[in-house]
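> Shown below is the structure under consideration.
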Amino acid sequence: MDGILNIDKPKDWTSHDVVAKIRSHFKIKKVGHAGTLDPNATGVLLICLGKATKKASFLTGQKKTYEGTLLLGTTTDTQDIKGKVIRKMKVEKIDAELLSSILKELTGDISQIPPMYSAVHYKGERLYKLARKGIKVNPEPRKVHIYSIELLSINIPEISIRVVCSKGTYIRTLANTIGEKLGYGACLKDLRRIQVGDFHIKDSLVLKDVLKTKEWIL
């Protein structure tokens with residue numbers, strides 16, 4: 001079996017969980033994914049099978065589109081809703097003009113400091129492993145590119161946005177930054193990846209349906 005599966009990753013599954021399940025179900029040794037999604041996120045996860053695993057790095061580098069909901073007034077240690085709350089503020093109103101200017105400011109080339117609860121390596125060890133040990137480090141900022149940020153809705157204390165970005169972009173870090181610039185702080189409540197390169201969510205496969213088959217013709 002050689003090819004690429006466009007899977008709609010379920011919530012609460014890690015990207016590795018999906019790879020392991022497909023490897024076990026179809027009894028394929030060479031299986032990988034192109035671009036990690038956090039367990040709390042859903043959407044397009046490209047699973048490479050057999051010889052297609054050689055294309056994983058190319059696919060990982062493709063432009064990505066996300067739709068996410070920010071919860072203003074809640075700051076967590078993981079920058080998403082699953083983390084430990086470290087600060088809470090009441091949100092009574094949002095300055096629409098300020099929000100618009102912030103989204104424009106964060107469009108283009110920006111620097112992000114990877115969140116401690118992430119798979120980024122720091123001196124040979126994953127940041128999330130260091131975080132679980134209570135070890136605090138200062139990872140180097142990384143350059144990413146935000147092609148566009150579109151405001152989808154405001155429903156205080158939540159804001160929904162659509163982001164088109166380069167590889168390596170952390171949407172939960174972007175959410176945190178937007179919240180801080182608004183003066184409330186924020187965490188990422190929900191995230192859905194709707195496109196990777198030419199692969200769109202409307203063409204994705206439901207994992208449970210894929211796992212009902214014994215053979216897959218690509």
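How things are named: the first chain in the structure tokens is A, the next is B, and so on; residues count from 1 in each chain; ligands count from 1 in the order shown.
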Tell me, as a ChimeraX atom specification, which residues lie within 10 Å of Glu92 of chain A, counting only C-alpha atoms; anything in the same chain fewer than 3 positions away does not count.
/A:73,89,156-157
> Mind writing the picked residues with N, CA and C atoms as a PDB file, in the first residue's frame?

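Output saved as part.pdb:
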```
ATOM      1  N   GLY A  73      -9.814  36.144  28.277  1.00  0.00           N
ATOM      2  CA  GLY A  73      -9.914  36.249  29.729  1.00  0.00           C
ATOM      3  C   GLY A  73      -9.451  35.016  30.480  1.00  0.00           C
ATOM      4  N   MET A  89      -9.718  36.709  33.772  1.00  0.00           N
ATOM      5  CA  MET A  89     -10.193  38.084  33.787  1.00  0.00           C
ATOM      6  C   MET A  89     -11.590  38.128  33.196  1.00  0.00           C
ATOM      7  N   ILE A 156     -18.632  37.490  22.761  1.00  0.00           N
ATOM      8  CA  ILE A 156     -17.906  37.679  24.021  1.00  0.00           C
ATOM      9  C   ILE A 156     -18.233  36.589  25.040  1.00  0.00           C
ATOM     10  N   PRO A 157     -17.206  35.929  25.620  1.00  0.00           N
ATOM     11  CA  PRO A 157     -15.767  36.234  25.551  1.00  0.00           C
ATOM     12  C   PRO A 157     -15.007  35.444  24.480  1.00  0.00           C
TER      13      PRO A 157
END
```
> Once DSSP has gone over the backbone, tell me which residues of segment 4-216 of chain A are in strand (DSSP E), as a ChimeraX atom specification.
/A:4-9,31-34,42-49,64-72,74-76,85-88,108-112,121-122,125-126,142-155,158-165,186-196,199-200,205-206
> Could you name the residues that touch Ile171 of chain A at 10 Å or less, counting only C-alpha atoms, but leaving out those on the same chain fewer than 3 positions away, as a ChimeraX atom specification?
/A:66-68,70,79-80,163,165,168,174-177,187-188,191
> Restricting the calculation to only C-alpha atoms, which member of A:Lys64, A:Lys11, A:Lys27, A:Phe58 is positioned closest to His200 of chain A?
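With only C-alpha atoms as the atom set, the closest residue is A:Lys64.
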> Could you check the closest approach to His25 of chain A for each of A:Ser111, A:Thr74, A:Thr213, A:Thr69 and tell me which residue wins, using only C-alpha atoms?
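Among the listed residues, the smallest separation from His25 of chain A belongs to A:Thr213.
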> Kindly indicate which residue among A:Lys212, A:Lys88, A:Arg193, A:His145 lies nearest to Gly43 of chain A, using only C-alpha atoms for the distances.
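Going through A:Lys212, A:Lys88, A:Arg193, A:His145 one by one, the smallest distance to Gly43 of chain A is for A:Arg193.
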> Sort by chain and increasing residue number a table of all residues of segment 58-79 of chain A within 9 Å of segment 31-40 of chain A, each with its closest pair of atoms and their distance in Å to one decimal, counting only C-alpha atoms, and write it as a Markdown table.

```
| residue | atom | partner | partner_atom | distance |
| --- | --- | --- | --- | --- |
| A:Phe58 | CA | A:Ala34 | CA | 8.3 |
| A:Leu59 | CA | A:Ala34 | CA | 5.8 |
| A:Thr60 | CA | A:Ala34 | CA | 4.7 |
| A:Gly61 | CA | A:Gly35 | CA | 8.3 |
```
> Hey, can you spit out that residue selection with N, CA and C atoms as a PDB file, in the first residue's frame?

```pdb
ATOM      1  N   PHE A  58       7.859  17.109   2.459  1.00  0.00           N
ATOM      2  CA  PHE A  58       7.338  18.060   1.468  1.00  0.00           C
ATOM      3  C   PHE A  58       5.938  18.510   1.854  1.00  0.00           C
ATOM      4  N   LEU A  59       5.093  17.560   2.247  1.00  0.00           N
ATOM      5  CA  LEU A  59       3.718  17.876   2.618  1.00  0.00           C
ATOM      6  C   LEU A  59       3.660  18.717   3.888  1.00  0.00           C
ATOM      7  N   THR A  60       4.557  18.428   4.825  1.00  0.00           N
ATOM      8  CA  THR A  60       4.613  19.197   6.073  1.00  0.00           C
ATOM      9  C   THR A  60       4.895  20.668   5.797  1.00  0.00           C
ATOM     10  N   GLY A  61       5.641  20.927   4.739  1.00  0.00           N
ATOM     11  CA  GLY A  61       6.017  22.299   4.407  1.00  0.00           C
ATOM     12  C   GLY A  61       4.954  23.092   3.673  1.00  0.00           C
TER      13      GLY A  61
END
```
> Among segment 52-189 of chain A, which residues does DSSP mark as alpha helix (DSSP H) when it is run on the backbone? Keep the chain and numbering as in the structure and answer as a PyMOL selection string.
chain A and resi 56-60+96-105+127-132+171-182
> Export, as a PDB file, in the first residue's frame, the selected residues with C-alpha atoms.

```pdb
ATOM      1  CA  ALA A  56       6.017  13.590   4.282  1.00  0.00           C
ATOM      2  CA  SER A  57       8.557  16.402   4.692  1.00  0.00           C
ATOM      3  CA  PHE A  58       7.338  18.060   1.468  1.00  0.00           C
ATOM      4  CA  LEU A  59       3.718  17.876   2.618  1.00  0.00           C
ATOM      5  CA  THR A  60       4.613  19.197   6.073  1.00  0.00           C
ATOM      6  CA  ALA A  96     -13.198  46.074  17.392  1.00  0.00           C
ATOM      7  CA  GLU A  97     -10.780  48.666  16.010  1.00  0.00           C
ATOM      8  CA  LEU A  98      -7.970  47.478  18.283  1.00  0.00           C
ATOM      9  CA  LEU A  99      -8.667  43.834  17.372  1.00  0.00           C
ATOM     10  CA  SER A 100      -8.535  44.672  13.662  1.00  0.00           C
ATOM     11  CA  SER A 101      -5.175  46.407  14.067  1.00  0.00           C
ATOM     12  CA  ILE A 102      -3.794  43.478  16.094  1.00  0.00           C
ATOM     13  CA  LEU A 103      -4.761  40.968  13.386  1.00  0.00           C
ATOM     14  CA  LYS A 104      -3.069  43.151  10.764  1.00  0.00           C
ATOM     15  CA  GLU A 105       0.032  43.478  12.959  1.00  0.00           C
ATOM     16  CA  LEU A 127       9.785  20.660  25.447  1.00  0.00           C
ATOM     17  CA  TYR A 128       6.673  18.935  26.777  1.00  0.00           C
ATOM     18  CA  LYS A 129       8.836  16.371  28.575  1.00  0.00           C
ATOM     19  CA  LEU A 130      10.792  19.147  30.257  1.00  0.00           C
ATOM     20  CA  ALA A 131       7.543  20.896  31.179  1.00  0.00           C
ATOM     21  CA  ARG A 132       6.179  17.732  32.800  1.00  0.00           C
ATOM     22  CA  ILE A 171      -2.216  28.706  16.579  1.00  0.00           C
ATOM     23  CA  ARG A 172      -2.545  28.455  20.370  1.00  0.00           C
ATOM     24  CA  THR A 173       0.482  30.750  20.709  1.00  0.00           C
ATOM     25  CA  LEU A 174      -1.142  33.114  18.219  1.00  0.00           C
ATOM     26  CA  ALA A 175      -4.334  32.997  20.296  1.00  0.00           C
ATOM     27  CA  ASN A 176      -2.372  33.791  23.445  1.00  0.00           C
ATOM     28  CA  THR A 177      -0.657  36.722  21.726  1.00  0.00           C
ATOM     29  CA  ILE A 178      -3.949  38.164  20.476  1.00  0.00           C
ATOM     30  CA  GLY A 179      -5.403  37.893  23.976  1.00  0.00           C
ATOM     31  CA  GLU A 180      -2.417  39.586  25.588  1.00  0.00           C
ATOM     32  CA  LYS A 181      -2.512  42.451  23.077  1.00  0.00           C
ATOM     33  CA  LEU A 182      -6.224  42.941  23.819  1.00  0.00           C
TER      34      LEU A 182
END
```
> Have a look at A:Val91, A:Ile28, A:Val85, A:Ala20 and name the one nearest to Ile159 of chain A; count only C-alpha atoms.
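The shortest atom-to-atom distance to Ile159 of chain A comes from A:Val91.
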> Give me, as a short mmCIF file (atom, residue, chain, number, x, y, z; two decimals) with N, CA and C atoms, in the first residue's frame, all polymer residues having an atom no more than 7 Å from Leu152 of chain A, counting only C-alpha atoms and skipping those fewer than 6 positions away in the same chain.

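File produced: result_7.cif:
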```cif
data_model
loop_
_atom_site.label_atom_id
_atom_site.label_comp_id
_atom_site.auth_asym_id
_atom_site.auth_seq_id
_atom_site.Cartn_x
_atom_site.Cartn_y
_atom_site.Cartn_z
N SER A 160 -13.75 33.96 16.97
CA SER A 160 -13.42 32.91 16.01
C SER A 160 -12.67 33.51 14.84
N ILE A 161 -11.60 32.84 14.43
CA ILE A 161 -10.76 33.35 13.34
C ILE A 161 -10.41 32.22 12.37
N ARG A 162 -10.05 32.63 11.14
CA ARG A 162 -9.50 31.70 10.17
C ARG A 162 -8.07 32.17 9.85
#
```
> Would you mind telling me which residue in A:Lys63, A:His16, A:Lys9, A:Lys136 lies nearest to Val210 of chain A when using only C-alpha atoms?
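Among A:Lys63, A:His16, A:Lys9, A:Lys136, it is A:Lys9 that comes nearest to Val210 of chain A.
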> What does the distance between atom CA of Ala186 of chain A and atom CA of Thr75 of chain A come to in Å, to one decimal place?
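Computed distance, atom CA of Ala186 of chain A to atom CA of Thr75 of chain A, equals 5.1 Å.
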> So what do you get for atom CA of Pro114 of chain A versus atom CA of Tyr170 of chain A, distance-wise?
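Value for the atom CA of Pro114 of chain A-atom CA of Tyr170 of chain A distance: 7.3 Å.
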> If I take atom CA of Ile110 of chain A and atom CA of Lys143 of chain A, how far is one from the other in Å, to one decimal?
5.7 Å
